Amino acid sequence: MPKIAIVGAGQCGLTLAAGLLRTGDHEVTVISALTADQVRTRRPTSTQVMFEPALAIERDRGLALWDDQTPAIEALHMTLAPTPQTPRLDLVGRLPAPARSVDQRVKMARLLDEMDRHVRTRTATVDDLEGYLDSGSYDLVVVAAGRGELAELFTRIPERSPYTTPQRKLAVCYVRGMRPDPDVDVVGGHFNVVPGAGEIIVIPALTTTGTCDIIFVEAIPGGPMDVFDAGLSPEAHLRVLQDVLRRHTPWLAERCTEITPTDPHANLVGAFTPTVRNPVGILPSGRAVLGLADVVLANDPITAQGSNIAARAAAFWEQAIRDHGEGPFRAGWMRTNADRFWTEVGETPTRWTNELMLPHPPAPHVAQILGAATQFPEVADRIGRGFTDPDDLNDWFMTPEAAERYLGEVVARHQAAIS
């Protein structure tokens with residue numbers, strides 16, 4: 001029976017562990033730096049919107065434990081803020097199936113409790129990884145979380161990592177008391193683009209104290225929304241946030257006059273450089289370990305793909321491990337499957353996310369798409385579908401030629417319908 005060590009107790013690590021454990025064909029140990037109680041009482045670490053394909057992966061593994069408590073996000077409201085040259089633009093796209101966001105403090109703590117006998121709490125080092133393999137305790141070591149020396153095992157791939165500095169400063173706050181979006185007749189997320197400043201995203205969610213909204217500012221570094229300090233209390237963070245909303249998105253400010261933090265640790269401020277790394281890490285001994293999740297594929301959260309890619313990575317590598325069977329997990333096996341994972345799962349959402357990091361305003365063909373979406377609901381809905389299935393974007397969104405062809409087809413259908 002193959003013995004697998006998974007270093008990291010986040011979305012990818014725990015989903016992979018649950019998948020491998022469900023049939024009893026593998027011995028699995030999760031190495032977690034934190035206990036379940038420590039996870040529950042820390043600051044939030046993400047905004048974690050999950051769309052239907054990722055939610056289906058969780059359901060198949062018995063991890064959909066909060067569906068009856070979590071707001072079902074059925075639509076995406078997108079607003080392009082006005083400029084001196086352009087009016088405000090609004091569109092609403094329906095999602096093909098509801099999305100959900102469960103605070104990882106809720107999810108990961110519960111899953112750590114449920115997998116308790118398979119969990120060891122410690123901060124793993126490179127020497128630990130050597131020991132896991134040298135002793136024969138494990139046949140495969142998966143690194144699904146880690147910074148510092150663990151992250152340094154995985155080398156950056158320059159051709160897949162166009163940026164060398166953070167492209168956004170991130171400021172997150174979980175709040176109660178936000179008024180519903182008057183432009184959406186169902187529960188929806190709200191994606192606001194402020195040209196020259198960044199984005200402000202609202203996500204209905206479930207947190208440690210119940211249902212809430214997450215207000216997520218993606219500020220262009222040095223821009224007018226880059227005003228959040230890392231040491232702010234949640235209450236001070238909200239005061240800064242409300243000023244940002246009044247200045248840049250007054251329609252959101254109107255919904256936020258009575259918001260309060262959900263808990264004493266409800267905010268997060270930070271930044272990181274989007275980076276793709278080689279998923280095969282070589283230890284000083286020459287042995288190989290497999291990197292997954294943010295360790296090797298760290299995209300900006302602007303497209304809400306992080307948790308979705310993590311779940312898909314867990315499902316992909318679970319199947320690869322099952323197909324491998326007995327015997328050593330060598331570097332060649334890791335590389336072959338990693339190349340396939342990049343092509344099948346990682347490449348399109350990474351390219352899409354990186355392109356959205358480009359300076360505002362949107363590219364001309366994207367602006368044309370957004371304008372069409374205000375007139376044709378099917379275009380707005382297809383934008384929503386792109387968040388659920390990024391691969392669909394390749395056929396119509398990613399290039400001017402594809403956009404022109406698709407929009408021509410939409411216009412032709414509309415004209416035929418009214419003639």
# chains A, B, ... in the order shown; residues from 1 in each chain; ligands from 1

call {"tool": "residues_around", "arguments": {"residues": "range 346-352 of chain A", "least_positions_apart": "5", "cutoff": "8 Å", "atoms": "only C-alpha atoms", "output": "list in words"}}
result
Leu297, Asn299, Gln305, Ile309, Phe341, Pro390, Asp391, Asn394 and Met398 of chain A

call {"tool": "write_last_selection", "arguments": {"atoms": "all heavy atoms", "output": "short mmCIF file (atom, residue, chain, number, x, y, z; two decimals), in the first residue's frame"}}
result
data_model
loop_
_atom_site.label_atom_id
_atom_site.label_comp_id
_atom_site.auth_asym_id
_atom_site.auth_seq_id
_atom_site.Cartn_x
_atom_site.Cartn_y
_atom_site.Cartn_z
N LEU A 297 1.95 27.25 -8.10
CA LEU A 297 1.06 27.98 -9.00
C LEU A 297 0.33 29.04 -8.18
O LEU A 297 -0.76 28.81 -7.66
CB LEU A 297 0.07 27.03 -9.67
CG LEU A 297 -0.84 27.62 -10.75
CD1 LEU A 297 -0.05 28.38 -11.80
CD2 LEU A 297 -1.68 26.53 -11.41
N ASN A 299 -1.36 32.38 -8.45
CA ASN A 299 -1.99 33.41 -9.27
C ASN A 299 -2.63 34.47 -8.39
O ASN A 299 -3.07 34.19 -7.27
CB ASN A 299 -3.06 32.81 -10.18
CG ASN A 299 -2.49 32.01 -11.31
OD1 ASN A 299 -1.38 32.29 -11.77
ND2 ASN A 299 -3.21 31.01 -11.78
N GLN A 305 -9.72 32.07 -8.98
CA GLN A 305 -9.42 30.72 -9.44
C GLN A 305 -8.57 29.91 -8.46
O GLN A 305 -8.39 28.71 -8.64
CB GLN A 305 -8.70 30.78 -10.80
CG GLN A 305 -9.57 31.33 -11.91
CD GLN A 305 -10.83 30.53 -12.12
OE1 GLN A 305 -10.78 29.33 -12.37
NE2 GLN A 305 -11.98 31.19 -12.02
N ILE A 309 -8.45 25.93 -8.72
CA ILE A 309 -7.28 25.22 -9.22
C ILE A 309 -6.77 24.24 -8.18
O ILE A 309 -6.35 23.12 -8.49
CB ILE A 309 -6.19 26.21 -9.64
CG1 ILE A 309 -6.65 27.00 -10.87
CG2 ILE A 309 -4.89 25.49 -9.95
CD1 ILE A 309 -5.68 28.09 -11.29
N PHE A 341 -0.83 18.37 -16.30
CA PHE A 341 -1.65 19.22 -15.44
C PHE A 341 -1.61 20.67 -15.91
O PHE A 341 -2.64 21.34 -15.98
CB PHE A 341 -1.17 19.14 -13.99
CG PHE A 341 -1.87 20.12 -13.09
CD1 PHE A 341 -3.15 19.86 -12.63
CD2 PHE A 341 -1.27 21.32 -12.74
CE1 PHE A 341 -3.82 20.78 -11.83
CE2 PHE A 341 -1.93 22.24 -11.94
CZ PHE A 341 -3.20 21.97 -11.48
N PRO A 390 -12.81 28.38 -17.10
CA PRO A 390 -11.91 29.28 -17.83
C PRO A 390 -11.55 28.80 -19.22
O PRO A 390 -11.27 29.63 -20.11
CB PRO A 390 -10.68 29.35 -16.92
CG PRO A 390 -11.19 29.05 -15.55
CD PRO A 390 -12.28 28.03 -15.77
N ASP A 391 -11.54 27.49 -19.45
CA ASP A 391 -11.19 26.99 -20.79
C ASP A 391 -12.14 27.52 -21.85
O ASP A 391 -11.77 27.66 -23.02
CB ASP A 391 -11.18 25.47 -20.82
CG ASP A 391 -9.98 24.88 -20.08
OD1 ASP A 391 -8.97 25.61 -19.94
OD2 ASP A 391 -10.05 23.73 -19.64
N ASN A 394 -11.14 30.59 -24.12
CA ASN A 394 -10.25 30.48 -25.28
C ASN A 394 -11.00 30.64 -26.59
O ASN A 394 -10.43 31.11 -27.58
CB ASN A 394 -9.53 29.13 -25.27
CG ASN A 394 -8.47 29.05 -24.18
OD1 ASN A 394 -7.75 30.02 -23.94
ND2 ASN A 394 -8.38 27.91 -23.52
N MET A 398 -10.23 35.60 -25.40
CA MET A 398 -8.81 35.83 -25.18
C MET A 398 -8.11 36.59 -26.30
O MET A 398 -7.03 37.13 -26.10
CB MET A 398 -8.10 34.50 -24.94
CG MET A 398 -8.62 33.73 -23.75
SD MET A 398 -8.40 34.58 -22.17
CE MET A 398 -6.68 34.27 -21.85
#

call {"tool": "residues_around", "arguments": {"residues": "Leu112 in chain A", "least_positions_apart": "3", "cutoff": "12 Å", "atoms": "only C-alpha atoms", "output": "compact mmCIF listing (two decimals) with all heavy atoms, in the first residue's frame"}}
result
# COMPACT_ATOMS: atom_id res chain seq x y z
N GLY A 8 1.00 20.31 4.29
CA GLY A 8 0.09 21.41 4.00
C GLY A 8 -1.36 21.00 4.17
O GLY A 8 -1.80 20.00 3.61
N ALA A 9 -2.09 21.78 4.96
CA ALA A 9 -3.48 21.46 5.26
C ALA A 9 -4.40 22.56 4.76
O ALA A 9 -5.26 23.06 5.49
CB ALA A 9 -3.65 21.27 6.77
N GLY A 10 -4.22 22.91 3.49
CA GLY A 10 -5.11 23.87 2.85
C GLY A 10 -6.08 23.17 1.92
O GLY A 10 -6.30 21.96 2.01
N GLN A 11 -6.65 23.94 0.99
CA GLN A 11 -7.65 23.39 0.08
C GLN A 11 -7.12 22.19 -0.69
O GLN A 11 -7.77 21.15 -0.78
CB GLN A 11 -8.09 24.48 -0.90
CG GLN A 11 -9.12 24.03 -1.92
CD GLN A 11 -10.48 23.75 -1.32
OE1 GLN A 11 -11.03 24.59 -0.64
NE2 GLN A 11 -11.04 22.57 -1.57
N GLY A 13 -4.21 20.30 -0.17
CA GLY A 13 -3.70 19.20 0.64
C GLY A 13 -4.79 18.36 1.27
O GLY A 13 -4.75 17.12 1.23
N LEU A 14 -5.80 19.00 1.85
CA LEU A 14 -6.85 18.25 2.53
C LEU A 14 -7.80 17.58 1.54
O LEU A 14 -8.32 16.50 1.81
CB LEU A 14 -7.61 19.16 3.49
CG LEU A 14 -6.81 19.61 4.73
CD1 LEU A 14 -7.61 20.58 5.57
CD2 LEU A 14 -6.38 18.40 5.57
N THR A 15 -8.03 18.21 0.38
CA THR A 15 -8.85 17.55 -0.64
C THR A 15 -8.15 16.32 -1.18
O THR A 15 -8.77 15.26 -1.38
CB THR A 15 -9.18 18.52 -1.78
OG1 THR A 15 -9.82 19.69 -1.24
CG2 THR A 15 -10.11 17.88 -2.80
N ALA A 17 -5.90 14.53 0.42
CA ALA A 17 -5.92 13.53 1.49
C ALA A 17 -7.27 12.82 1.56
O ALA A 17 -7.34 11.59 1.65
CB ALA A 17 -5.59 14.19 2.82
N ALA A 18 -8.36 13.59 1.52
CA ALA A 18 -9.69 12.99 1.60
C ALA A 18 -9.93 12.06 0.43
O ALA A 18 -10.54 10.98 0.59
CB ALA A 18 -10.75 14.09 1.63
N THR A 29 -0.65 10.67 5.51
CA THR A 29 -0.39 11.52 6.66
C THR A 29 -0.36 12.97 6.20
O THR A 29 0.35 13.30 5.24
CB THR A 29 0.95 11.17 7.32
OG1 THR A 29 0.95 9.80 7.72
CG2 THR A 29 1.20 12.05 8.55
N VAL A 30 -1.13 13.83 6.87
CA VAL A 30 -1.12 15.25 6.59
C VAL A 30 -0.24 15.94 7.63
O VAL A 30 -0.45 15.76 8.84
CB VAL A 30 -2.55 15.84 6.63
CG1 VAL A 30 -2.50 17.36 6.44
CG2 VAL A 30 -3.43 15.19 5.58
N ILE A 31 0.73 16.71 7.16
CA ILE A 31 1.59 17.47 8.05
C ILE A 31 1.08 18.90 8.07
O ILE A 31 1.15 19.61 7.06
CB ILE A 31 3.06 17.45 7.58
CG1 ILE A 31 3.51 16.03 7.22
CG2 ILE A 31 3.97 18.08 8.63
CD1 ILE A 31 3.47 15.05 8.35
N SER A 32 0.52 19.34 9.18
CA SER A 32 -0.08 20.67 9.30
C SER A 32 0.72 21.52 10.26
O SER A 32 1.07 21.08 11.36
CB SER A 32 -1.53 20.56 9.79
OG SER A 32 -2.07 21.85 10.02
N ALA A 33 1.01 22.76 9.86
CA ALA A 33 1.75 23.66 10.74
C ALA A 33 0.90 24.15 11.90
O ALA A 33 1.43 24.60 12.92
CB ALA A 33 2.27 24.85 9.94
N LEU A 34 -0.45 24.08 11.75
CA LEU A 34 -1.36 24.60 12.76
C LEU A 34 -2.35 23.53 13.21
O LEU A 34 -2.71 22.65 12.42
CB LEU A 34 -2.15 25.80 12.22
CG LEU A 34 -1.34 27.01 11.72
CD1 LEU A 34 -2.28 28.04 11.12
CD2 LEU A 34 -0.53 27.62 12.84
N THR A 35 -2.80 23.63 14.44
CA THR A 35 -3.90 22.80 14.91
C THR A 35 -5.22 23.35 14.38
O THR A 35 -5.29 24.50 13.90
CB THR A 35 -3.96 22.77 16.43
OG1 THR A 35 -4.30 24.09 16.91
CG2 THR A 35 -2.63 22.35 17.04
N ALA A 36 -6.27 22.57 14.50
CA ALA A 36 -7.59 23.05 14.07
C ALA A 36 -7.99 24.30 14.83
O ALA A 36 -8.53 25.26 14.25
CB ALA A 36 -8.62 21.95 14.27
N ASP A 37 -7.75 24.35 16.14
CA ASP A 37 -8.11 25.53 16.92
C ASP A 37 -7.31 26.75 16.50
O ASP A 37 -7.83 27.88 16.50
CB ASP A 37 -7.91 25.25 18.42
CG ASP A 37 -9.00 24.35 18.98
OD1 ASP A 37 -10.07 24.24 18.35
OD2 ASP A 37 -8.78 23.75 20.06
N GLN A 38 -6.05 26.57 16.16
CA GLN A 38 -5.25 27.70 15.68
C GLN A 38 -5.77 28.22 14.35
O GLN A 38 -5.77 29.43 14.11
CB GLN A 38 -3.78 27.28 15.56
CG GLN A 38 -3.09 27.10 16.90
CD GLN A 38 -1.70 26.49 16.77
OE1 GLN A 38 -1.46 25.66 15.89
NE2 GLN A 38 -0.79 26.91 17.64
N VAL A 39 -6.23 27.33 13.49
CA VAL A 39 -6.80 27.76 12.21
C VAL A 39 -8.07 28.58 12.45
O VAL A 39 -8.29 29.62 11.82
CB VAL A 39 -7.10 26.54 11.32
CG1 VAL A 39 -7.91 26.95 10.09
CG2 VAL A 39 -5.81 25.85 10.90
N ARG A 40 -8.90 28.13 13.37
CA ARG A 40 -10.18 28.82 13.63
C ARG A 40 -9.98 30.26 14.11
O ARG A 40 -10.82 31.12 13.85
CB ARG A 40 -10.97 28.07 14.70
CG ARG A 40 -11.61 26.79 14.24
CD ARG A 40 -12.53 26.21 15.31
NE ARG A 40 -13.02 24.93 14.89
CZ ARG A 40 -12.47 23.76 15.21
NH1 ARG A 40 -11.39 23.73 15.99
NH2 ARG A 40 -12.98 22.63 14.76
N LEU A 63 -16.90 16.35 1.17
CA LEU A 63 -16.42 17.58 1.79
C LEU A 63 -17.40 18.73 1.67
O LEU A 63 -17.10 19.84 2.12
CB LEU A 63 -15.08 17.99 1.17
CG LEU A 63 -13.98 16.93 1.17
CD1 LEU A 63 -12.71 17.47 0.54
CD2 LEU A 63 -13.70 16.44 2.58
N GLN A 104 -11.95 29.68 4.91
CA GLN A 104 -11.07 28.54 5.15
C GLN A 104 -10.82 28.30 6.63
O GLN A 104 -10.44 27.20 7.02
CB GLN A 104 -9.77 28.73 4.38
CG GLN A 104 -9.98 28.65 2.88
CD GLN A 104 -8.71 28.42 2.10
OE1 GLN A 104 -7.61 28.47 2.63
NE2 GLN A 104 -8.85 28.15 0.81
N ARG A 105 -11.05 29.30 7.47
CA ARG A 105 -10.96 29.06 8.91
C ARG A 105 -12.04 28.08 9.37
O ARG A 105 -11.84 27.30 10.30
CB ARG A 105 -11.07 30.38 9.67
CG ARG A 105 -9.93 31.35 9.42
CD ARG A 105 -10.15 32.66 10.15
NE ARG A 105 -11.32 33.38 9.64
CZ ARG A 105 -11.76 34.52 10.15
NH1 ARG A 105 -11.13 35.07 11.19
NH2 ARG A 105 -12.81 35.13 9.62
N VAL A 106 -13.19 28.14 8.71
CA VAL A 106 -14.28 27.20 9.01
C VAL A 106 -13.97 25.84 8.40
O VAL A 106 -14.01 24.80 9.08
CB VAL A 106 -15.62 27.74 8.46
CG1 VAL A 106 -16.73 26.71 8.62
CG2 VAL A 106 -16.00 29.04 9.16
N LYS A 107 -13.66 25.84 7.10
CA LYS A 107 -13.51 24.59 6.37
C LYS A 107 -12.31 23.78 6.84
O LYS A 107 -12.42 22.60 7.17
CB LYS A 107 -13.40 24.87 4.88
CG LYS A 107 -13.26 23.61 4.02
CD LYS A 107 -12.98 23.93 2.57
CE LYS A 107 -14.16 24.52 1.87
NZ LYS A 107 -13.94 24.70 0.41
N MET A 108 -11.15 24.40 6.86
CA MET A 108 -9.93 23.64 7.16
C MET A 108 -9.89 23.17 8.60
O MET A 108 -9.40 22.09 8.90
CB MET A 108 -8.70 24.46 6.81
CG MET A 108 -8.66 24.94 5.37
SD MET A 108 -9.14 23.65 4.17
CE MET A 108 -9.47 24.66 2.72
N ALA A 109 -10.43 23.98 9.52
CA ALA A 109 -10.47 23.54 10.91
C ALA A 109 -11.35 22.30 11.06
O ALA A 109 -10.96 21.33 11.73
CB ALA A 109 -10.98 24.67 11.80
N MET A 115 -10.11 14.55 10.13
CA MET A 115 -8.99 13.70 9.71
C MET A 115 -7.95 13.56 10.81
O MET A 115 -6.82 13.16 10.55
CB MET A 115 -8.33 14.30 8.47
CG MET A 115 -9.20 14.35 7.23
SD MET A 115 -8.24 14.96 5.81
CE MET A 115 -9.56 15.34 4.67
N ASP A 116 -8.34 13.83 12.03
CA ASP A 116 -7.38 13.98 13.13
C ASP A 116 -6.37 12.84 13.23
O ASP A 116 -5.18 13.07 13.44
CB ASP A 116 -8.15 14.11 14.45
CG ASP A 116 -7.22 14.29 15.63
OD1 ASP A 116 -6.52 15.31 15.67
OD2 ASP A 116 -7.17 13.39 16.49
N ARG A 117 -6.79 11.61 13.05
CA ARG A 117 -5.87 10.49 13.23
C ARG A 117 -4.86 10.38 12.09
O ARG A 117 -3.88 9.63 12.20
CB ARG A 117 -6.63 9.18 13.39
CG ARG A 117 -7.37 8.68 12.18
CD ARG A 117 -8.23 7.48 12.54
NE ARG A 117 -8.90 6.91 11.38
CZ ARG A 117 -8.40 5.93 10.64
NH1 ARG A 117 -7.22 5.41 10.94
NH2 ARG A 117 -9.08 5.44 9.62
N HIS A 118 -5.08 11.15 11.03
CA HIS A 118 -4.14 11.15 9.91
C HIS A 118 -3.27 12.41 9.89
O HIS A 118 -2.50 12.60 8.96
CB HIS A 118 -4.90 11.06 8.58
CG HIS A 118 -5.71 9.82 8.43
ND1 HIS A 118 -5.17 8.60 8.14
CD2 HIS A 118 -7.05 9.63 8.55
CE1 HIS A 118 -6.13 7.69 8.08
NE2 HIS A 118 -7.28 8.29 8.33
N VAL A 119 -3.41 13.26 10.93
CA VAL A 119 -2.74 14.56 10.94
C VAL A 119 -1.64 14.59 11.99
O VAL A 119 -1.82 14.14 13.12
CB VAL A 119 -3.76 15.69 11.23
CG1 VAL A 119 -3.05 17.04 11.33
CG2 VAL A 119 -4.83 15.74 10.15
N ARG A 120 -0.49 15.12 11.59
CA ARG A 120 0.59 15.43 12.51
C ARG A 120 0.83 16.93 12.48
O ARG A 120 0.96 17.51 11.40
CB ARG A 120 1.89 14.71 12.12
CG ARG A 120 1.82 13.20 12.28
CD ARG A 120 3.08 12.56 11.73
NE ARG A 120 4.29 13.08 12.36
CZ ARG A 120 5.51 12.89 11.89
NH1 ARG A 120 5.70 12.20 10.77
NH2 ARG A 120 6.56 13.39 12.52
N THR A 121 0.86 17.56 13.65
CA THR A 121 1.03 19.00 13.71
C THR A 121 2.49 19.34 13.95
O THR A 121 3.05 19.04 15.01
CB THR A 121 0.16 19.61 14.83
OG1 THR A 121 -1.20 19.25 14.63
CG2 THR A 121 0.28 21.13 14.82

call {"tool": "select_by_dssp", "arguments": {"residues": "range 115-258 of chain A", "states": "helix (DSSP H, G or I)", "output": "number ranges by chain"}}
result
A: 116-118, 126-134, 151-153, 158-160, 234-248, 250-253

call {"tool": "closest_residue", "arguments": {"among": "A:Pro221, A:Leu21, A:Ile369, A:Gly210", "to": "Ala402 in chain A", "atoms": "only C-alpha atoms"}}
result
A:Ile369

call {"tool": "closest_residue", "arguments": {"among": "A:Gly384, A:Pro195, A:Gly131, A:Pro162", "to": "Thr303 in chain A", "atoms": "only C-alpha atoms"}}
result
A:Gly384

call {"tool": "residues_around", "arguments": {"residues": "Thr211 in chain A", "least_positions_apart": "2", "cutoff": "12 Å", "atoms": "only C-alpha atoms", "output": "list of chain:residue names"}}
result
A:Trp66, A:Asp67, A:Asp68, A:Gln69, A:Thr70, A:Pro71, A:Ala72, A:Arg100, A:Ser101, A:Val102, A:Asp103, A:Val106, A:Tyr174, A:Val175, A:Arg176, A:Gly177, A:Met178, A:Ile203, A:Pro204, A:Ala205, A:Leu206, A:Thr207, A:Thr208, A:Thr209, A:Asp213, A:Ile214, A:Pro261, A:Thr262, A:Asp263

call {"tool": "atom_distance", "arguments": {"atom1": "CA of Ile73 in chain A", "atom2": "CA of Val194 in chain A"}}
result
22.8 Å
